[in-house]
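See below for final-v5.txt, which holds compact mmCIF, C-alpha atoms.
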# COMPACT_ATOMS: atom_id res chain seq x y z
CA MET A 8 14.03 3.73 -1.03
CA MET A 9 10.92 5.81 -0.94
CA SER A 10 10.29 5.04 2.70
CA TYR A 11 13.90 5.79 3.50
CA LEU A 12 13.62 9.24 1.93
CA THR A 13 10.39 9.92 3.77
CA PHE A 14 12.02 8.91 6.99
CA VAL A 15 15.05 11.12 6.41
CA ALA A 16 12.69 14.01 5.77
CA MET A 17 11.01 13.33 9.07
CA ARG A 18 14.21 12.89 10.93
CA SER A 19 15.25 16.40 10.01
CA VAL A 20 12.81 17.72 12.60
CA ARG A 21 14.77 16.08 15.42
CA LYS A 22 16.52 19.25 16.45
CA GLU A 23 13.30 21.17 17.16
CA ALA A 24 12.81 22.78 20.55
CA SER A 25 11.50 20.47 23.28
CA GLY A 26 7.83 20.74 24.30
CA LYS A 27 7.06 20.15 20.66
CA ILE A 28 5.79 16.88 19.23
CA LEU A 29 8.18 16.44 16.32
CA SER A 30 7.50 19.52 14.19
CA TYR A 31 4.16 20.35 15.84
CA SER A 32 3.38 22.60 18.76
CA PHE A 33 1.19 20.94 21.38
CA GLU A 34 -1.86 22.84 20.15
CA GLU A 35 -1.19 22.00 16.51
CA PHE A 36 -0.86 18.33 17.37
CA VAL A 37 -4.11 18.34 19.37
CA ASP A 38 -5.84 19.82 16.30
CA ARG A 39 -4.41 17.08 14.10
CA VAL A 40 -5.56 14.43 16.58
CA LYS A 41 -9.09 15.86 16.58
CA SER A 42 -9.18 15.83 12.81
CA PHE A 43 -7.87 12.28 12.33
CA HIS A 44 -8.99 10.46 15.46
CA GLY A 45 -12.36 12.21 15.78
CA PHE A 46 -11.69 13.86 19.13
CA GLY A 47 -8.73 15.08 21.19
CA ALA A 48 -8.06 11.74 22.86
CA VAL A 49 -5.50 11.95 25.65
CA GLY A 50 -4.11 8.58 24.61
CA VAL A 51 -3.14 9.85 21.16
CA ILE A 52 -1.65 13.01 22.67
CA VAL A 53 0.46 11.00 25.13
CA GLY A 54 1.31 8.77 22.16
CA GLY A 55 2.63 11.84 20.33
CA PHE A 56 5.08 12.53 23.14
CA MET A 57 6.07 8.86 23.08
CA VAL A 58 6.83 8.96 19.34
CA ASN A 59 8.83 12.13 19.90
CA LEU A 60 10.84 10.48 22.71
CA ALA A 61 11.50 7.36 20.64
CA TYR A 62 12.85 9.50 17.80
CA LYS A 63 15.40 11.07 20.11
CA HIS A 64 16.87 7.63 20.76
CA LEU A 65 16.79 6.27 17.22
CA PRO A 66 19.95 6.21 15.12
CA GLU A 67 20.30 8.87 12.45
CA LYS A 68 19.85 6.47 9.56
CA GLY A 69 17.79 3.38 8.91
CA LEU A 70 14.45 2.03 7.75
CA PHE A 71 12.23 1.79 10.78
CA ASP A 72 8.96 -0.07 11.26
CA ALA A 73 6.64 0.40 14.22
CA VAL A 74 4.93 -1.91 16.69
CA CYS A 75 2.14 -0.80 19.00
CA GLU A 76 1.34 -3.09 21.93
CA THR A 77 -2.28 -1.94 22.08
CA PRO A 78 -4.80 -0.96 19.41
CA LYS A 79 -6.05 1.83 21.68
CA CYS A 80 -5.02 5.34 20.57
CA LEU A 81 -1.27 4.67 20.07
CA PRO A 82 -1.56 3.53 16.44
CA ASP A 83 -3.08 6.88 15.54
CA ALA A 84 -0.16 8.80 17.07
CA VAL A 85 2.21 6.68 14.97
CA GLN A 86 0.12 7.18 11.82
CA LEU A 87 -0.12 10.94 12.34
CA LEU A 88 3.59 11.47 12.98
CA THR A 89 5.47 8.86 10.96
CA PRO A 90 5.25 7.20 7.53
CA CYS A 91 4.10 3.97 9.24
CA THR A 92 0.40 3.17 8.68
CA THR A 93 -1.83 0.14 9.10
CA GLY A 94 -2.32 -0.13 5.35
CA ASN A 95 1.31 0.15 4.25
CA GLY A 96 2.45 -2.57 6.61
CA TRP A 97 5.08 -0.51 8.43
CA LEU A 98 2.88 -0.41 11.54
CA THR A 99 1.93 -3.62 13.30
CA VAL A 100 -0.41 -3.85 16.27
CA ILE A 101 0.30 -6.77 18.63
CA ASN A 102 -2.31 -6.44 21.33
CA VAL A 103 -0.71 -7.42 24.60
CA GLY A 104 -2.55 -4.62 26.39
CA ARG A 105 0.48 -2.48 27.25
CA PHE A 106 0.64 1.21 26.33
CA ALA A 107 3.96 0.96 24.53
CA LEU A 108 5.41 1.49 21.06
CA THR A 109 8.61 0.43 19.38
CA PHE A 110 10.42 1.63 16.29
CA TYR A 111 12.89 -0.93 14.99
CA ASP A 112 15.28 -1.38 12.11
CA LYS A 113 13.65 -3.68 9.57
CA GLU A 114 16.93 -5.46 8.87
CA THR A 115 18.34 -6.00 12.34
CA GLY A 116 15.26 -5.82 14.56
CA LEU A 117 17.12 -3.41 16.82
CA GLY A 118 15.01 -0.57 18.04
CA VAL A 119 13.72 1.73 20.74
CA ARG A 120 10.70 0.94 22.90
CA VAL A 121 8.83 3.66 24.80
CA PHE A 122 6.32 2.73 27.49
CA VAL A 123 4.29 4.47 30.17
CA ASP A 124 5.93 3.85 33.54
CA PRO A 125 3.31 3.59 36.32
CA VAL A 126 5.84 4.80 38.90
CA LYS A 127 6.30 8.08 37.02
CA LEU A 128 2.51 8.49 36.81
CA GLU A 129 2.41 9.04 40.57
CA ALA A 130 3.33 12.70 40.10
CA TRP A 131 0.25 13.26 37.91
CA PRO A 132 -2.95 12.24 39.72
CA GLY A 133 -5.29 13.17 36.88
CA LEU A 134 -3.26 11.29 34.27
CA LYS A 135 -2.85 8.33 36.62
CA ALA A 136 -6.60 8.06 37.22
CA TRP A 137 -7.23 8.30 33.47
CA PHE A 138 -4.52 5.81 32.51
CA LEU A 139 -5.45 3.16 35.07
CA LYS A 140 -9.20 3.82 34.67
CA LEU A 141 -9.51 4.58 38.38
CA LYS A 142 -12.47 6.87 37.74
CA THR A 143 -15.45 6.75 35.43
CA LYS A 144 -15.52 9.09 32.45
CA GLU A 145 -18.10 11.19 34.28
CA GLU A 146 -15.88 11.56 37.36
CA GLN A 147 -12.85 12.64 35.36
CA ASP A 148 -11.88 16.25 34.69
CA SER A 149 -10.82 16.16 31.05
CA ASP A 150 -9.33 19.68 31.11
CA ARG A 151 -7.11 18.70 34.02
CA ILE A 152 -6.01 15.47 32.34
CA LEU A 153 -5.14 17.30 29.12
CA ASP A 154 -3.21 19.94 31.06
CA GLU A 155 -1.28 17.27 32.96
CA ALA A 156 -0.56 15.45 29.68
CA ARG A 157 0.83 18.67 28.21
CA ARG A 158 3.00 19.43 31.24
CA ALA A 159 4.16 15.84 31.82
CA GLY A 160 5.01 15.22 28.17
CA ALA A 161 7.20 12.12 27.91
CA GLY A 162 8.09 12.47 31.61
CA ILE A 163 5.74 9.58 32.42
CA CYS A 164 7.61 7.28 30.04
CA GLY A 165 10.53 4.92 30.10
CA VAL A 166 12.80 4.00 27.19
CA GLU A 167 14.41 0.67 26.35
CA HIS A 168 16.62 -0.62 23.60
CA VAL A 169 15.08 -3.83 22.26
CA LYS A 170 15.50 -6.42 19.56
CA VAL A 171 12.19 -7.32 17.93
CA VAL A 172 11.60 -11.05 17.32
CA GLY A 173 11.70 -12.36 13.76
CA ARG A 174 8.04 -13.38 13.80
CA ILE A 175 7.03 -9.69 13.94
CA ARG A 176 9.77 -8.50 11.59
CA GLN A 177 9.15 -10.94 8.80
CA LYS A 178 6.35 -9.66 6.62
CA ARG A 179 4.50 -12.38 4.82
CA HIS A 180 4.88 -11.92 1.11
CA ARG A 181 1.91 -13.41 -0.67
CA GLU A 182 3.13 -15.69 -3.40
CA GLY A 183 0.02 -15.70 -5.52
CA PHE A 184 -3.74 -15.65 -5.54
CA ALA A 185 -6.45 -18.16 -6.27
CA ILE A 186 -10.18 -17.70 -6.69
CA CYS A 187 -12.07 -19.20 -3.75
CA PRO A 188 -14.50 -21.87 -5.04
CA VAL A 189 -17.05 -20.85 -2.40
CA CYS A 190 -17.17 -17.03 -2.38
CA LYS A 191 -15.55 -16.59 -5.84
CA GLU A 192 -13.24 -13.88 -4.52
CA ALA A 193 -9.46 -13.76 -4.78
CA TYR A 194 -7.40 -14.90 -1.77
CA PRO A 195 -3.75 -15.78 -1.05
CA VAL A 196 -3.21 -19.28 -2.42
CA ALA A 197 -1.01 -20.12 0.56
CA ASP A 198 -4.14 -20.01 2.78
CA GLY A 199 -5.35 -23.36 1.37
CA PRO A 200 -8.05 -24.66 -0.97
CA ARG A 201 -10.54 -22.00 0.16
CA CYS A 202 -10.16 -18.48 1.55
CA LEU A 203 -9.91 -18.22 5.34
CA ALA A 204 -13.42 -16.77 5.58
CA CYS A 205 -14.87 -19.80 3.76
CA GLN A 206 -12.71 -22.10 5.88
CA GLY A 207 -14.68 -20.96 8.90
CA GLU A 208 -13.53 -17.51 10.07
CA ARG A 209 -17.09 -16.28 10.03
CA LEU A 210 -17.54 -12.53 9.63
CA TYR A 211 -21.20 -12.29 8.64
CA GLU A 212 -24.39 -13.85 9.91
CA ALA A 213 -26.22 -13.01 6.74
CA VAL A 214 -25.17 -11.99 3.27
CA ASP A 215 -27.58 -10.68 0.67
CA ARG A 216 -25.64 -11.13 -2.51
CA GLU A 217 -25.44 -9.25 -4.80
CA VAL A 218 -26.95 -5.79 -4.78
CA PRO A 219 -27.17 -3.91 -8.10
CA ASP A 220 -24.37 -1.43 -8.32
CA ARG A 221 -26.13 1.91 -8.24
CA MET B 15 -22.55 11.62 19.40
CA MET B 16 -19.36 13.06 18.06
CA SER B 17 -18.87 10.25 15.60
CA TYR B 18 -22.45 10.61 14.49
CA LEU B 19 -21.95 14.29 13.70
CA THR B 20 -18.73 13.54 11.87
CA PHE B 21 -20.49 10.91 9.89
CA VAL B 22 -23.38 13.18 8.96
CA ALA B 23 -20.86 15.77 7.81
CA MET B 24 -19.27 13.15 5.60
CA ARG B 25 -22.54 11.88 4.30
CA SER B 26 -23.35 15.32 2.95
CA VAL B 27 -20.88 14.72 0.14
CA ARG B 28 -22.97 11.84 -1.20
CA LYS B 29 -24.56 13.91 -3.90
CA GLU B 30 -21.24 14.86 -5.49
CA ALA B 31 -20.67 14.12 -9.15
CA SER B 32 -19.51 10.59 -9.91
CA GLY B 33 -15.85 10.00 -10.76
CA LYS B 34 -15.08 11.62 -7.45
CA ILE B 35 -13.99 9.77 -4.34
CA LEU B 36 -16.35 11.28 -1.77
CA SER B 37 -15.46 14.98 -1.86
CA TYR B 38 -12.10 14.49 -3.62
CA SER B 39 -11.25 14.53 -7.29
CA PHE B 40 -9.20 11.51 -8.38
CA GLU B 41 -6.03 13.60 -8.46
CA GLU B 42 -6.69 15.12 -5.03
CA PHE B 43 -7.23 11.69 -3.57
CA VAL B 44 -4.01 10.33 -5.12
CA ASP B 45 -2.16 13.23 -3.49
CA ARG B 46 -3.70 12.40 -0.12
CA VAL B 47 -2.74 8.75 -0.54
CA LYS B 48 0.86 9.69 -1.32
CA SER B 49 1.02 11.90 1.74
CA PHE B 50 -0.48 9.40 4.21
CA HIS B 51 0.48 6.01 2.78
CA GLY B 52 3.93 7.06 1.56
CA PHE B 53 3.29 6.44 -2.14
CA GLY B 54 0.37 6.38 -4.57
CA ALA B 55 -0.51 2.73 -3.96
CA VAL B 56 -3.11 1.39 -6.40
CA GLY B 57 -4.67 -0.63 -3.57
CA VAL B 58 -5.49 2.49 -1.57
CA ILE B 59 -6.83 4.22 -4.68
CA VAL B 60 -9.09 1.27 -5.52
CA GLY B 61 -10.02 1.28 -1.83
CA GLY B 62 -11.13 4.90 -2.19
CA PHE B 63 -13.59 3.93 -4.91
CA MET B 64 -14.78 1.07 -2.70
CA VAL B 65 -15.48 3.40 0.24
CA ASN B 66 -17.31 5.73 -2.13
CA LEU B 67 -19.45 2.86 -3.46
CA ALA B 68 -20.25 1.60 0.04
CA TYR B 69 -21.42 5.07 1.04
CA LYS B 70 -23.94 5.12 -1.80
CA HIS B 71 -25.60 2.05 -0.31
CA LEU B 72 -25.54 3.05 3.35
CA PRO B 73 -28.66 4.39 5.02
CA GLU B 74 -28.85 8.12 5.60
CA LYS B 75 -28.47 7.87 9.37
CA GLY B 76 -26.57 5.67 11.74
CA LEU B 77 -23.30 5.09 13.54
CA PHE B 78 -21.12 2.99 11.28
CA ASP B 79 -17.97 1.03 12.06
CA ALA B 80 -15.67 -0.46 9.45
CA VAL B 81 -14.13 -3.89 8.85
CA CYS B 82 -11.33 -4.52 6.37
CA GLU B 83 -10.71 -8.15 5.38
CA THR B 84 -7.04 -7.51 4.65
CA PRO B 85 -4.42 -5.26 6.26
CA LYS B 86 -3.05 -4.44 2.81
CA CYS B 87 -3.86 -0.91 1.62
CA LEU B 88 -7.62 -0.94 2.32
CA PRO B 89 -7.35 0.28 5.95
CA ASP B 90 -5.62 3.43 4.72
CA ALA B 91 -8.46 4.23 2.29
CA VAL B 92 -10.90 3.89 5.20
CA GLN B 93 -8.74 6.03 7.49
CA LEU B 94 -8.29 8.74 4.86
CA LEU B 95 -11.97 8.98 3.94
CA THR B 96 -13.96 8.20 7.08
CA PRO B 97 -13.79 8.87 10.83
CA CYS B 98 -12.84 5.21 11.38
CA THR B 99 -9.19 4.67 12.38
CA THR B 100 -7.13 1.86 13.88
CA GLY B 101 -6.58 3.84 17.07
CA ASN B 102 -10.17 4.92 17.72
CA GLY B 103 -11.52 1.41 17.41
CA TRP B 104 -14.05 2.14 14.69
CA LEU B 105 -11.91 0.26 12.15
CA THR B 106 -11.17 -3.43 12.64
CA VAL B 107 -8.90 -5.51 10.43
CA ILE B 108 -9.82 -9.20 10.24
CA ASN B 109 -7.25 -10.68 7.92
CA VAL B 110 -8.96 -13.32 5.83
CA GLY B 111 -7.00 -12.21 2.77
CA ARG B 112 -9.92 -10.83 0.75
CA PHE B 113 -9.84 -7.32 -0.70
CA ALA B 114 -13.15 -6.26 0.83
CA LEU B 115 -14.50 -3.73 3.28
CA THR B 116 -17.73 -3.37 5.21
CA PHE B 117 -19.41 -0.48 6.96
CA TYR B 118 -22.00 -1.62 9.49
CA ASP B 119 -24.37 -0.16 12.02
CA LYS B 120 -22.83 -0.61 15.47
CA GLU B 121 -26.19 -1.45 17.01
CA THR B 122 -27.70 -3.84 14.50
CA GLY B 123 -24.65 -5.18 12.67
CA LEU B 124 -26.41 -4.47 9.38
CA GLY B 125 -24.15 -3.02 6.76
CA VAL B 126 -22.78 -2.85 3.26
CA ARG B 127 -19.85 -4.93 2.04
CA VAL B 128 -17.86 -3.98 -1.07
CA PHE B 129 -15.44 -6.45 -2.63
CA VAL B 130 -13.37 -6.76 -5.79
CA ASP B 131 -15.10 -9.15 -8.18
CA PRO B 132 -12.55 -11.16 -10.20
CA VAL B 133 -15.07 -11.57 -13.06
CA LYS B 134 -15.30 -7.79 -13.47
CA LEU B 135 -11.49 -7.55 -13.49
CA GLU B 136 -11.43 -9.34 -16.85
CA ALA B 137 -12.14 -6.06 -18.63
CA TRP B 138 -9.00 -4.48 -17.14
CA PRO B 139 -5.88 -6.56 -17.94
CA GLY B 140 -3.44 -4.26 -16.16
CA LEU B 141 -5.53 -4.13 -12.98
CA LYS B 142 -6.15 -7.86 -13.14
CA ALA B 143 -2.43 -8.64 -13.39
CA TRP B 144 -1.72 -6.27 -10.49
CA PHE B 145 -4.55 -7.56 -8.30
CA LEU B 146 -3.82 -11.25 -8.78
CA LYS B 147 -0.03 -10.69 -8.78
CA LEU B 148 0.27 -12.30 -12.20
CA LYS B 149 3.35 -10.24 -12.99
CA THR B 150 6.36 -9.15 -11.00
CA LYS B 151 6.63 -5.50 -9.99
CA GLU B 152 9.28 -5.02 -12.68
CA GLU B 153 7.02 -6.43 -15.40
CA GLN B 154 4.09 -4.21 -14.50
CA ASP B 155 3.32 -0.87 -16.11
CA SER B 156 2.34 1.28 -13.14
CA ASP B 157 1.04 4.16 -15.28
CA ARG B 158 -1.28 1.77 -17.09
CA ILE B 159 -2.52 0.23 -13.84
CA LEU B 160 -3.22 3.64 -12.36
CA ASP B 161 -5.05 4.75 -15.52
CA GLU B 162 -7.16 1.59 -15.50
CA ALA B 163 -7.91 2.10 -11.81
CA ARG B 164 -9.10 5.64 -12.54
CA ARG B 165 -11.28 4.58 -15.47
CA ALA B 166 -12.64 1.43 -13.84
CA GLY B 167 -13.45 3.14 -10.54
CA ALA B 168 -15.80 0.90 -8.55
CA GLY B 169 -16.73 -0.95 -11.75
CA ILE B 170 -14.57 -3.88 -10.66
CA CYS B 171 -16.53 -4.23 -7.41
CA GLY B 172 -19.58 -6.01 -6.12
CA VAL B 173 -21.84 -4.89 -3.27
CA GLU B 174 -23.63 -6.96 -0.66
CA HIS B 175 -25.87 -6.26 2.28
CA VAL B 176 -24.49 -8.12 5.29
CA LYS B 177 -25.00 -8.60 8.99
CA VAL B 178 -21.72 -8.56 10.89
CA VAL B 179 -21.33 -11.22 13.60
CA GLY B 180 -21.46 -10.16 17.25
CA ARG B 181 -17.85 -11.22 17.89
CA ILE B 182 -16.64 -8.40 15.62
CA ARG B 183 -19.26 -5.89 16.75
CA GLN B 184 -18.73 -6.23 20.46
CA LYS B 185 -15.82 -4.10 21.53
CA ARG B 186 -14.11 -5.33 24.61
CA HIS B 187 -14.40 -2.74 27.33
CA ARG B 188 -11.48 -3.04 29.70
CA GLU B 189 -12.73 -3.21 33.23
CA GLY B 190 -9.60 -2.10 34.99
CA PHE B 191 -5.86 -2.27 35.06
CA ALA B 192 -3.26 -4.00 37.17
CA ILE B 193 0.50 -3.61 37.32
CA CYS B 194 2.24 -6.66 35.86
CA PRO B 195 4.52 -8.19 38.54
CA VAL B 196 7.09 -9.08 35.85
CA CYS B 197 7.44 -6.02 33.58
CA LYS B 198 5.92 -3.52 36.06
CA GLU B 199 3.74 -1.99 33.36
CA ALA B 200 -0.03 -1.53 33.43
CA TYR B 201 -2.21 -4.08 31.62
CA PRO B 202 -5.92 -5.03 31.51
CA VAL B 203 -6.64 -6.99 34.67
CA ALA B 204 -8.93 -9.31 32.73
CA ASP B 205 -5.86 -10.71 30.93
CA GLY B 206 -4.80 -12.64 34.06
CA PRO B 207 -2.15 -12.44 36.78
CA ARG B 208 0.48 -11.12 34.33
CA CYS B 209 0.27 -9.12 31.13
CA LEU B 210 -0.03 -11.12 27.91
CA ALA B 211 3.56 -10.32 26.94
CA CYS B 212 4.86 -11.75 30.22
CA GLN B 213 2.53 -14.73 29.83
CA GLY B 214 4.50 -15.72 26.77
CA GLU B 215 3.52 -13.57 23.77
CA ARG B 216 7.16 -12.76 23.13
CA LEU B 217 7.81 -9.53 21.24
CA TYR B 218 11.50 -8.95 21.96
CA GLU B 219 14.56 -11.15 21.91
CA ALA B 220 16.51 -8.71 24.00
CA VAL B 221 15.56 -5.77 26.19
CA ASP B 222 18.10 -3.32 27.56
CA ARG B 223 16.20 -1.69 30.34
CA GLU B 224 16.13 1.19 31.09
CA VAL B 225 17.86 3.85 29.07
CA PRO B 226 18.28 7.31 30.63
CA ASP B 227 15.62 9.62 29.28
CA ARG B 228 17.56 12.19 27.30

Encoded form using structure tokens:
Amino acid sequence: MMSYLTFVAMRSVRKEASGKILSYSFEEFVDRVKSFHGFGAVGVIVGGFMVNLAYKHLPEKGLFDAVCETPKCLPDAVQLLTPCTTGNGWLTVINVGRFALTFYDKETGLGVRVFVDPVKLEAWPGLKAWFLKLKTKEEQDSDRILDEARRAGAGICGVEHVKVVGRIRQKRHREGFAICPVCKEAYPVADGPRCLACQGERLYEAVDREVPDR
Amino acid sequence: MMSYLTFVAMRSVRKEASGKILSYSFEEFVDRVKSFHGFGAVGVIVGGFMVNLAYKHLPEKGLFDAVCETPKCLPDAVQLLTPCTTGNGWLTVINVGRFALTFYDKETGLGVRVFVDPVKLEAWPGLKAWFLKLKTKEEQDSDRILDEARRAGAGICGVEHVKVVGRIRQKRHREGFAICPVCKEAYPVADGPRCLACQGERLYEAVDREVPDR
């Protein structure tokens, strides 16, 4: 219910003037990107226009989750503009390397996918070179790319209606926890007799355990 | 360089009074959690204390990336309190089901890992029941859990010095992009002759392509 209310609150911005990114002006959004993402990454800014475009095609009511098809930049646009975050489970990253995002109804899987269409990039040489990595960072003119991103908005994107597969929709609910006999930490009992890290998913070469607290 | 400066700016809060979560009071942090995460999730609040504890053990200088060992809650504490986000690549989630986070030097892999220690949970029955899912949501007293979280702070945690494995440290740099002959979208050329989605990583049951833009 909480997420529904949050979403309704967000949806009320749908009637804002175009050129905006939901309730933000372009400049306001760039400032938010700098603050959250660390710098004014073009990918997050394009992602903002993509979220905005997706919202225009979403039904008025519903509980929507998000999928990003790349971990690069797009997840931060979703996290800045919607209630979906990595930590609350409403945003999932499935890295298939495409610059695309989908909002879908948790119950039905029906949703709206927005992607960058390479054909539409042809009208924007700076954006195209940035998007397809045709030039090195040093060769690129970041002011030009940002200006093209602002003017192009979601004009470089396509929209599809999709139905998300059950595998992505179904969140695993952890049934209970056990204490791992190796690391002595709690882990989801469904993972087996040890936690996944102690089953072999090695994260650390060396562990110096345990440091005094302060 | 930018991330370094951001980090130095954050590190300057290290000398704040204890009980705080970096520069935030407990109440301020809970408000930030509600705003970003959608509700005042105990997991993000505990995560805030964990980030704070990790910072106390980090060296004064360095470029640090983050790893969360679960996608539940912890990534949002990291994203709220540090420059590391899902979309900028400085935060990685490796889901081995443990409630633990690590900040590590990008160059050396050396870092500090903070985890919840089940032994230390024994002093906090409400937190213990929440953490190990010993009670249903309906049976739990959320005010009590939140109060215990506030009073326990990082007292339920352990700290380790670790060296993160190269596999996690090495970010894949995409060498170039191709247009997928199936979906006609751009994808990292290193993924093969088609994008990963068109190689079989199926995300959608149905795609209705392409909807008019507005």

>> Please identify all residues of chain B having at least one atom at most 7 Å from any atom of chain A, considering only C-alpha atoms, and return them as an MDAnalysis selection string.
In response: chainID B and resid 17 50:52 85:90 97 99:103 110:112 131:132 146:147 172:179 190:191 199:202 209:211 217:225 227

>> What does the structure give for the distance between CA of Ser32 in chain A and CA of Lys68 in chain A, in Å to one decimal?
In response: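 Value for the CA of Ser32 in chain A-CA of Lys68 in chain A distance: 24.8 Å.
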
> By how many Å are CA of Ile163 in chain A and CA of Tyr111 in chain A apart?
Replying inline: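 That distance, rounded to one decimal, is 21.6 Å.
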
>> Given the point (-6.4, -2.8, -19.5) in the coordinates of this file, which residues lie within 10 Å, counting all atoms listed in the file, and how would they look as a list in words?
In response: Leu135, Glu136, Ala137, Trp138, Pro139, Gly140, Leu141, Lys142, Ala143, Arg158, Ile159, Asp161, Glu162, Ala163, Arg165 and Ala166 of chain B

Could you write out that same residue set with C-alpha atoms as a PDB file, in the coordinates of the input?
ATOM      1  CA  LEU B 135     -11.490  -7.550 -13.490  1.00  0.00           C
ATOM      2  CA  GLU B 136     -11.430  -9.340 -16.850  1.00  0.00           C
ATOM      3  CA  ALA B 137     -12.140  -6.060 -18.630  1.00  0.00           C
ATOM      4  CA  TRP B 138      -9.000  -4.480 -17.140  1.00  0.00           C
ATOM      5  CA  PRO B 139      -5.880  -6.560 -17.940  1.00  0.00           C
ATOM      6  CA  GLY B 140      -3.440  -4.260 -16.160  1.00  0.00           C
ATOM      7  CA  LEU B 141      -5.530  -4.130 -12.980  1.00  0.00           C
ATOM      8  CA  LYS B 142      -6.150  -7.860 -13.140  1.00  0.00           C
ATOM      9  CA  ALA B 143      -2.430  -8.640 -13.390  1.00  0.00           C
ATOM     10  CA  ARG B 158      -1.280   1.770 -17.090  1.00  0.00           C
ATOM     11  CA  ILE B 159      -2.520   0.230 -13.840  1.00  0.00           C
ATOM     12  CA  ASP B 161      -5.050   4.750 -15.520  1.00  0.00           C
ATOM     13  CA  GLU B 162      -7.160   1.590 -15.500  1.00  0.00           C
ATOM     14  CA  ALA B 163      -7.910   2.100 -11.810  1.00  0.00           C
ATOM     15  CA  ARG B 165     -11.280   4.580 -15.470  1.00  0.00           C
ATOM     16  CA  ALA B 166     -12.640   1.430 -13.840  1.00  0.00           C
TER      17      ALA B 166
END

Enclose all atoms of range 113-117 of chain B listed in the file in an axis-aligned box, grow every side by 3 Å, and hand back centre and edge lengths in Å to one decimal, as lines of an AutoDock Vina configuration file.
center_x = -14.6
center_y = -3.9
center_z = 3.1
size_x = 15.6
size_y = 12.8
size_z = 13.7

> What is the distance between CA of Tyr62 in chain A and CA of Phe110 in chain A, in Å to one decimal?
Replying inline: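 Separation between CA of Tyr62 in chain A and CA of Phe110 in chain A: 8.4 Å.
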